[in-house]
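Heads up: the structure comes next, in structure tokens.
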Amino acid sequence: MTDPTPGSKKLRVAVVFGGRSTEHAISCVSGGAVLAGLDREAFDVIPVGITPEGRWVLAPDDPAALRAVGRELPTVKDGAEVMLPGDPTRGGLVVTDPAVGVGALSGVDVVFPVLHGPYGEDGTIQGLLEMAGLPYVGSGVFASAAAMDKEYTKKLLAAEGLAVGDYVVLRNGGTLTEAQRSRLGLPVFVKPARAGSSIGITRVTDWAQLDEAIAAARAVDPKVLVEAAVVGREVECGVLEGEHGGPPEASVPAEIRLVSPDHDWYDFEAKYLDDACEFDVPAKLSDEVTANLRDAACRAFQALDCAGLARVDFFVTPDGGLVVNEINTMPGFTPISMFPRMWAETGLPFDELVGRLVRTAVARGSGLR
């Protein structure tokens with residue numbers, strides 16, 4: 001890597017992807033899409049991968065190598081190791097691999113952490129970047145942590161007056177009481193409290209399945225949520241931080257419809273591996289419901305003190321009511337992901353979307369705000 005040409009106005013962007021979470025592969029696919037979408041006339045780009053073991057390495061600047069091919073998903077492998085922070089006075093990254101020498105990749109202006117799940121989307125890397133004084137795309141430490149933990153997401157949304165589904169939190173090896181089973185009814189969804197991409201989630205239609213479902217969720221996270229099923233259409237909405245200090249902006253919503261008889265809910269395989277869904281972008285909703293949903297998405301964004309971007313997932317009930325399912329502060333950027341597709345339909349193409357996110361992050365800076 002070399003420094004930008006003297007006098008260059010380019011922003012230097014470190015795109016970080018991979019990570020230690022169970023969503024490592026999806027993060028790689030998202031990272032590849034962001035690498036491909038960043039305008040190289042406007043940005044100098046440094047691809048930084050985090051291996052499943054947690055090593056930071058320089059990755060090839062090759063978006064094609066980060067695509068999913070059939071059912072094969074990419075991963076971050078070996079490379080020249082990178083340490084963050086390097087030169088805190090210049091926003092540096094330092095290469096520590098003796099095979100390539102030691103030298104600063106100086107002048108990093110902003111980090112785009114395209115990380116999904118724990119150890120990336122949950123406030124951990126955000127805290128590290130704050131300590132390094134580096135601006136970064138997305139929400140800060142608190143909002144990232146609160147949105148990652150579905151229990152606290154629900155509490156904050158309810159405090160804002162937004163409807164959330166009924167649920168029970170299981171800690172320390174516990175299970176549902178008979179009273180809780182009666183209250184929630186069947187079916188229920190058993191899920192890790194702090195994970196995404198539908199990993200570790202089970203749809204339980206018979207209480208005899210409950211213990212196995214709890215064990216599957218606890219293999220991902222020791223804290224487990226059991227949620228009552230909500231009858232409604234699954235609709236998502238993208239939110240962007242307003243430019244120049246303005247209020248957040250919502251995209252047109254999108255609806256996910258399962259069309260495969262092999263899937264009865266939107267699980268990991270349906271999302272990423274099988275041709276199981278169709279998408280309506282924009283969702284076929286009345287003007288009134290659409291307006292209410294976009295307003296609720298912005299309220300949810302503000303209730304958690306989000307920044308940069310978020311995807312807010314809803315259930316739209318048969319009477320047009322809205323129930324917030326969850327908030328993702330670093331939604332997928334894969335070629336099939338709803339967040340960029342919704343914004344493209346709203347009038348913001350992918351390259352302009354990622355460019356806006358980078359520039360918004362630089363304008364926001366780091367530290368308290």
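Chain labels follow the order of the structure tokens: the first chain is A, the next B, and so on; residue numbering restarts at 1 in every chain, and ligands are counted from 1 in their shown order.
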Requested in this report: Assign secondary structure with DSSP using the backbone only, and return the residues of region 165-196 of chain A in strand (DSSP E) as an MDAnalysis selection string.
Outcome: chainID A and resid 167:170 188:192
Would you save the residues of that selection, restricted to C-alpha atoms, as a PDB file, in the first residue's frame?
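Generated output (out05.pdb):
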```
ATOM      1  CA  TYR A 167     -41.203 -12.516  24.936  1.00  0.00           C
ATOM      2  CA  VAL A 168     -39.361 -14.189  27.798  1.00  0.00           C
ATOM      3  CA  VAL A 169     -35.621 -13.944  28.514  1.00  0.00           C
ATOM      4  CA  LEU A 170     -33.876 -17.112  29.692  1.00  0.00           C
ATOM      5  CA  VAL A 188     -42.721 -19.619  19.561  1.00  0.00           C
ATOM      6  CA  PHE A 189     -39.335 -18.634  18.183  1.00  0.00           C
ATOM      7  CA  VAL A 190     -36.339 -19.511  20.325  1.00  0.00           C
ATOM      8  CA  LYS A 191     -33.292 -17.435  19.467  1.00  0.00           C
ATOM      9  CA  PRO A 192     -29.919 -16.244  20.766  1.00  0.00           C
TER      10      PRO A 192
END
```
Do you know which residues are at most 8 Å from Val220 (chain A) counting only C-alpha atoms, after dropping those on the same chain fewer than 5 positions away, and could you put them as a compact mmCIF listing (two decimals) with N, CA and C atoms, in the first residue's frame?
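The resulting file, out.txt, is reproduced below:
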```txt
# COMPACT_ATOMS: atom_id res chain seq x y z
N THR A 22 -20.47 -15.89 14.38
CA THR A 22 -21.01 -16.93 13.49
C THR A 22 -21.47 -16.35 12.15
N PRO A 192 -30.96 -16.90 19.97
CA PRO A 192 -29.92 -16.24 20.77
C PRO A 192 -30.26 -14.76 20.93
N ALA A 195 -27.39 -12.30 18.37
CA ALA A 195 -26.90 -12.87 17.12
C ALA A 195 -27.82 -12.41 16.00
N ILE A 199 -29.20 -17.29 12.69
CA ILE A 199 -28.37 -18.38 13.20
C ILE A 199 -28.81 -18.74 14.61
N GLY A 200 -28.99 -20.04 14.86
CA GLY A 200 -29.37 -20.52 16.19
C GLY A 200 -30.83 -20.38 16.53
```
**Report entry** Residues within 7 Å of Arg257 (chain A), only C-alpha atoms, excluding chain neighbours under 5 positions, as a VMD selection string
**Finding:** chain A and resid 277 to 279
**Report entry** Within 10 Å of Gly320 (chain A) using only C-alpha atoms, minus same-chain residues under 3 positions, as a PyMOL selection string
**Finding:** chain A and resi 232-233+285-286+288-290+292-293+315-317+323
Query raised in the report: Using only C-alpha atoms, which of A:Glu227, A:Asp39, A:Glu345, A:Asp166 sits nearest Pro282 (chain A)?
Result: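 Among A:Glu227, A:Asp39, A:Glu345, A:Asp166, it is A:Glu345 that comes nearest to Pro282 (chain A).
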Query raised in the report: Excluding same-chain residues fewer than 6 positions from Asp122 (chain A), what lies within 8 Å of it counting only C-alpha atoms, as a ChimeraX atom specification?
Result: /A:141,144-149
Generate a file of the selected residues that holds N, CA, C and O atoms, formatted as a JSON list (two decimals), in the first residue's frame.
```
[["chain", "number", "residue", "atom", "x", "y", "z"],
["A", 141, "VAL", "N", -21.06, 3.09, 20.33],
["A", 141, "VAL", "CA", -20.94, 1.95, 21.25],
["A", 141, "VAL", "C", -22.29, 1.58, 21.84],
["A", 141, "VAL", "O", -22.71, 0.42, 21.80],
["A", 144, "SER", "N", -25.01, 0.38, 19.19],
["A", 144, "SER", "CA", -24.62, -0.91, 18.63],
["A", 144, "SER", "C", -24.89, -2.03, 19.62],
["A", 144, "SER", "O", -25.44, -3.08, 19.26],
["A", 145, "ALA", "N", -24.51, -1.81, 20.89],
["A", 145, "ALA", "CA", -24.73, -2.85, 21.91],
["A", 145, "ALA", "C", -26.22, -3.06, 22.17],
["A", 145, "ALA", "O", -26.68, -4.21, 22.29],
["A", 146, "ALA", "N", -26.97, -1.98, 22.25],
["A", 146, "ALA", "CA", -28.40, -2.09, 22.56],
["A", 146, "ALA", "C", -29.16, -2.78, 21.43],
["A", 146, "ALA", "O", -30.07, -3.59, 21.67],
["A", 147, "ALA", "N", -28.81, -2.47, 20.19],
["A", 147, "ALA", "CA", -29.50, -3.10, 19.06],
["A", 147, "ALA", "C", -29.11, -4.56, 18.90],
["A", 147, "ALA", "O", -29.92, -5.38, 18.45],
["A", 148, "MET", "N", -27.88, -4.91, 19.29],
["A", 148, "MET", "CA", -27.44, -6.30, 19.18],
["A", 148, "MET", "C", -28.15, -7.19, 20.18],
["A", 148, "MET", "O", -28.43, -8.37, 19.90],
["A", 149, "ASP", "N", -28.47, -6.63, 21.35],
["A", 149, "ASP", "CA", -29.13, -7.40, 22.40],
["A", 149, "ASP", "C", -30.64, -7.21, 22.28],
["A", 149, "ASP", "O", -31.20, -6.17, 22.60]]
```
Requested in this report: Return the single residue from A:Ile46, A:Gly332, A:Tyr136, A:Pro63 that is closest to Ile26 (chain A), with distances computed using only C-alpha atoms.
Outcome: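 Checking each candidate against Ile26 (chain A), we get A:Gly332 as the closest.
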